[in-house]
Amino acid sequence: MGKILDPKCKMCRRAGEKLMLKGERCLTQKCAIVKRNYPPGFHGIKGKKRLSDYGTQLYEKQKAKRTYGLLEKQFRLFYERAKQSKGDTGKNLMALLEMRLDNAVFRSGLAQSRALARQLVNHGHFTVNGRRVDIPSYSLKTGDEIKVKAKSRRNMHFKDLPEKNKQYVPPSWISSEPKELAVKILHQPSETDLPANISPQAIVEFYSR
């Protein structure tokens with residue numbers, strides 16, 4: 001299985017904004033965007049180049065890939081699925097990405113980052129509707145219930161989560177029960193629930209060339 005080996009902080013610096021790839025670290029002064037808010041490279045700070053239409057489209061596509069931690073082949077498959085669905089392809093694409101199991105675990109506050117959520121899912125710590133699921137790309141549906149396995153509650157990561165997540169407010173399409181370490185999918189993400197820093201229209205234009 002392919003892996004993304006690029007340093008996470010460099011991916012944020014290339015994007016020019018926080019992609020929240022390192023969880024809580026991204027909210028501290030140690031964040032690379034706070035310390036070195038310019039693209040990585042040998043020559044240090046340089047003026048930003050004006051992007052062409054193609055460059056802008058590529059930039060948005062790469063940003064979305066890095067945000068959700070996907071390789072090109074995986075991302076393209078999601079685009080093809082969105083294209084075959086009814087409605088706006090760009091919004092369909094973003095909704096499909098949001099409804100991935102690893103993303104739902106992250107959005108619900110059960111993991112500090114999508115990378116950690118992916119690792120926890122791979123290690124088999126979660127059940128969906130009572131069945132163990134260890135596939136991060138598993139597509140959730142309305143009404144699905146995600147729970148931390150009873151055996152996994154003793155894991156150091158989950159031990160203090162109920163207390164930590166008391167004040168956490170998940171997006172509107174997710175219902176979370178911190179004490180039970182349980183999550184329910186209420187409905188598909190609406191347009192207001194989708195990430196505001198990604199332009200799905202630019203991604204559609206990139207693949208439509």
# chains A, B, ... in the order shown; residues from 1 in each chain; ligands from 1

$ select_by_dssp --residues "range 44-85 of chain A" --states "alpha helix (DSSP H)" --output "list in words"
Asp53, Tyr54, Gly55, Thr56, Gln57, Leu58, Tyr59, Glu60, Lys61, Gln62, Lys63, Ala64, Lys65, Arg66, Thr67, Tyr68, Glu72, Lys73, Gln74, Phe75, Arg76, Leu77, Phe78, Tyr79, Glu80, Arg81, Ala82, Lys83 and Gln84 of chain A

$ write_last_selection --atoms "N, CA and C atoms" --output "JSON list (two decimals), in the first residue's frame"
[["chain", "number", "residue", "atom", "x", "y", "z"],
["A", 53, "ASP", "N", -4.14, 29.92, -14.52],
["A", 53, "ASP", "CA", -5.38, 29.20, -14.20],
["A", 53, "ASP", "C", -5.08, 27.74, -13.89],
["A", 54, "TYR", "N", -4.19, 27.15, -14.70],
["A", 54, "TYR", "CA", -3.81, 25.75, -14.48],
["A", 54, "TYR", "C", -3.12, 25.61, -13.12],
["A", 55, "GLY", "N", -2.23, 26.56, -12.81],
["A", 55, "GLY", "CA", -1.51, 26.51, -11.54],
["A", 55, "GLY", "C", -2.45, 26.60, -10.34],
["A", 56, "THR", "N", -3.46, 27.45, -10.45],
["A", 56, "THR", "CA", -4.45, 27.60, -9.38],
["A", 56, "THR", "C", -5.24, 26.31, -9.19],
["A", 57, "GLN", "N", -5.64, 25.69, -10.30],
["A", 57, "GLN", "CA", -6.40, 24.44, -10.24],
["A", 57, "GLN", "C", -5.55, 23.32, -9.62],
["A", 58, "LEU", "N", -4.30, 23.23, -10.04],
["A", 58, "LEU", "CA", -3.39, 22.22, -9.50],
["A", 58, "LEU", "C", -3.16, 22.45, -8.01],
["A", 59, "TYR", "N", -3.00, 23.70, -7.64],
["A", 59, "TYR", "CA", -2.78, 24.08, -6.24],
["A", 59, "TYR", "C", -3.94, 23.60, -5.36],
["A", 60, "GLU", "N", -5.18, 23.81, -5.82],
["A", 60, "GLU", "CA", -6.36, 23.40, -5.04],
["A", 60, "GLU", "C", -6.46, 21.89, -4.95],
["A", 61, "LYS", "N", -6.14, 21.22, -6.05],
["A", 61, "LYS", "CA", -6.20, 19.75, -6.05],
["A", 61, "LYS", "C", -5.16, 19.17, -5.10],
["A", 62, "GLN", "N", -3.94, 19.70, -5.14],
["A", 62, "GLN", "CA", -2.88, 19.22, -4.26],
["A", 62, "GLN", "C", -3.20, 19.50, -2.79],
["A", 63, "LYS", "N", -3.80, 20.66, -2.54],
["A", 63, "LYS", "CA", -4.16, 21.02, -1.17],
["A", 63, "LYS", "C", -5.20, 20.05, -0.61],
["A", 64, "ALA", "N", -6.19, 19.71, -1.43],
["A", 64, "ALA", "CA", -7.22, 18.76, -0.99],
["A", 64, "ALA", "C", -6.62, 17.38, -0.73],
["A", 65, "LYS", "N", -5.74, 16.94, -1.63],
["A", 65, "LYS", "CA", -5.08, 15.64, -1.45],
["A", 65, "LYS", "C", -4.30, 15.59, -0.15],
["A", 66, "ARG", "N", -3.54, 16.66, 0.12],
["A", 66, "ARG", "CA", -2.71, 16.68, 1.32],
["A", 66, "ARG", "C", -3.56, 16.77, 2.58],
["A", 67, "THR", "N", -4.66, 17.53, 2.50],
["A", 67, "THR", "CA", -5.54, 17.68, 3.66],
["A", 67, "THR", "C", -6.11, 16.33, 4.09],
["A", 68, "TYR", "N", -6.57, 15.54, 3.11],
["A", 68, "TYR", "CA", -7.19, 14.25, 3.42],
["A", 68, "TYR", "C", -6.20, 13.08, 3.40],
["A", 72, "GLU", "N", -2.61, 10.26, -5.48],
["A", 72, "GLU", "CA", -3.31, 10.71, -6.68],
["A", 72, "GLU", "C", -4.34, 9.69, -7.16],
["A", 73, "LYS", "N", -3.97, 8.42, -7.18],
["A", 73, "LYS", "CA", -4.89, 7.38, -7.67],
["A", 73, "LYS", "C", -6.14, 7.31, -6.80],
["A", 74, "GLN", "N", -5.96, 7.37, -5.49],
["A", 74, "GLN", "CA", -7.11, 7.34, -4.57],
["A", 74, "GLN", "C", -8.01, 8.56, -4.78],
["A", 75, "PHE", "N", -7.37, 9.72, -4.89],
["A", 75, "PHE", "CA", -8.13, 10.96, -5.04],
["A", 75, "PHE", "C", -8.92, 10.94, -6.35],
["A", 76, "ARG", "N", -8.30, 10.44, -7.41],
["A", 76, "ARG", "CA", -8.96, 10.38, -8.72],
["A", 76, "ARG", "C", -10.19, 9.46, -8.67],
["A", 77, "LEU", "N", -10.09, 8.38, -7.92],
["A", 77, "LEU", "CA", -11.22, 7.45, -7.79],
["A", 77, "LEU", "C", -12.41, 8.14, -7.11],
["A", 78, "PHE", "N", -12.12, 8.96, -6.10],
["A", 78, "PHE", "CA", -13.19, 9.71, -5.44],
["A", 78, "PHE", "C", -13.82, 10.70, -6.40],
["A", 79, "TYR", "N", -12.98, 11.32, -7.24],
["A", 79, "TYR", "CA", -13.51, 12.27, -8.23],
["A", 79, "TYR", "C", -14.44, 11.56, -9.22],
["A", 80, "GLU", "N", -14.04, 10.39, -9.68],
["A", 80, "GLU", "CA", -14.86, 9.64, -10.65],
["A", 80, "GLU", "C", -16.20, 9.25, -10.03],
["A", 81, "ARG", "N", -16.18, 8.87, -8.75],
["A", 81, "ARG", "CA", -17.43, 8.53, -8.06],
["A", 81, "ARG", "C", -18.33, 9.76, -7.95],
["A", 82, "ALA", "N", -17.72, 10.90, -7.63],
["A", 82, "ALA", "CA", -18.49, 12.14, -7.51],
["A", 82, "ALA", "C", -19.08, 12.56, -8.85],
["A", 83, "LYS", "N", -18.33, 12.32, -9.91],
["A", 83, "LYS", "CA", -18.77, 12.68, -11.27],
["A", 83, "LYS", "C", -19.98, 11.87, -11.69],
["A", 84, "GLN", "N", -20.05, 10.61, -11.24],
["A", 84, "GLN", "CA", -21.14, 9.73, -11.62],
["A", 84, "GLN", "C", -22.40, 9.97, -10.78]]

$ closest_residue --among "A:Val148, A:Leu140, A:Leu96, A:Cys31" --to "His123 in chain A" --atoms "only C-alpha atoms"
A:Val148

$ closest_residue --among "A:Ile198, A:Leu116, A:Met156, A:Ile174" --to "Gly143 in chain A" --atoms "only C-alpha atoms"
A:Ile174

$ residues_around --residues "Gly130 in chain A" --least-positions-apart "2" --cutoff "8 Å" --atoms "only C-alpha atoms" --output "PyMOL selection string"
chain A and resi 127-128+132+145+147

$ residues_around --residues "range 168-171 of chain A" --least-positions-apart "5" --cutoff "8 Å" --atoms "only C-alpha atoms" --output "number ranges by chain"
A: 107-109, 176, 193

$ atom_distance --atom1 "CA of Ala95 in chain A" --atom2 "CA of Pro178 in chain A"
24.1 Å

$ select_by_dssp --residues "range 124-176 of chain A" --states "strand (DSSP E)" --output "list in words"
Phe126, Thr127, Val128, Arg131, Arg132, Glu145, Ile146, Lys147, Val148, Ile174, Ser175 and Ser176 of chain A

$ residues_around --residues "Arg100 in chain A" --least-positions-apart "3" --cutoff "12 Å" --atoms "only C-alpha atoms" --output "JSON, numbers by chain"
{"A": [68, 69, 70, 78, 93, 94, 95, 96, 97, 103, 104, 105, 106, 107, 114, 117, 118, 121, 133, 134, 135, 136, 137, 138, 139, 140, 141, 144, 146, 185, 188, 189]}

$ write_last_selection --atoms "C-alpha atoms" --output "compact mmCIF listing (two decimals), in the first residue's frame"
# COMPACT_ATOMS: atom_id res chain seq x y z
CA TYR A 68 -7.19 14.25 3.42
CA GLY A 69 -3.90 12.33 3.11
CA LEU A 70 -4.62 10.69 -0.25
CA PHE A 78 -13.19 9.71 -5.44
CA LEU A 93 -16.43 15.08 -4.15
CA MET A 94 -15.97 17.00 -0.90
CA ALA A 95 -18.93 15.20 0.72
CA LEU A 96 -17.44 11.81 -0.22
CA LEU A 97 -14.09 12.80 1.29
CA ASN A 103 -12.18 11.77 8.53
CA ALA A 104 -15.31 11.18 10.64
CA VAL A 105 -13.13 9.93 13.50
CA PHE A 106 -11.06 13.12 13.22
CA ARG A 107 -14.07 15.45 12.89
CA ARG A 114 -6.48 12.63 10.18
CA ALA A 117 -7.33 8.73 12.92
CA ARG A 118 -6.11 6.62 9.99
CA VAL A 121 -8.70 2.75 12.28
CA VAL A 133 -13.82 -1.94 10.49
CA ASP A 134 -10.11 -1.35 9.86
CA ILE A 135 -10.35 0.38 6.46
CA PRO A 136 -9.76 4.17 6.72
CA SER A 137 -11.45 4.85 3.37
CA TYR A 138 -14.66 3.04 4.42
CA SER A 139 -17.58 5.15 3.19
CA LEU A 140 -20.10 5.98 5.90
CA LYS A 141 -23.84 6.41 5.39
CA ASP A 144 -24.10 4.71 10.82
CA ILE A 146 -19.08 4.52 15.15
CA ILE A 185 -23.76 10.13 11.29
CA GLN A 188 -24.43 13.96 4.61
CA PRO A 189 -22.33 17.12 5.06

$ closest_residue --among "A:Gln167, A:Asn122, A:Gln201, A:Thr192" --to "Asp88 in chain A" --atoms "only C-alpha atoms"
A:Gln201

$ closest_residue --among "A:Leu110, A:Asn129, A:Pro200, A:Leu186" --to "Phe158 in chain A" --atoms "only C-alpha atoms"
A:Leu110
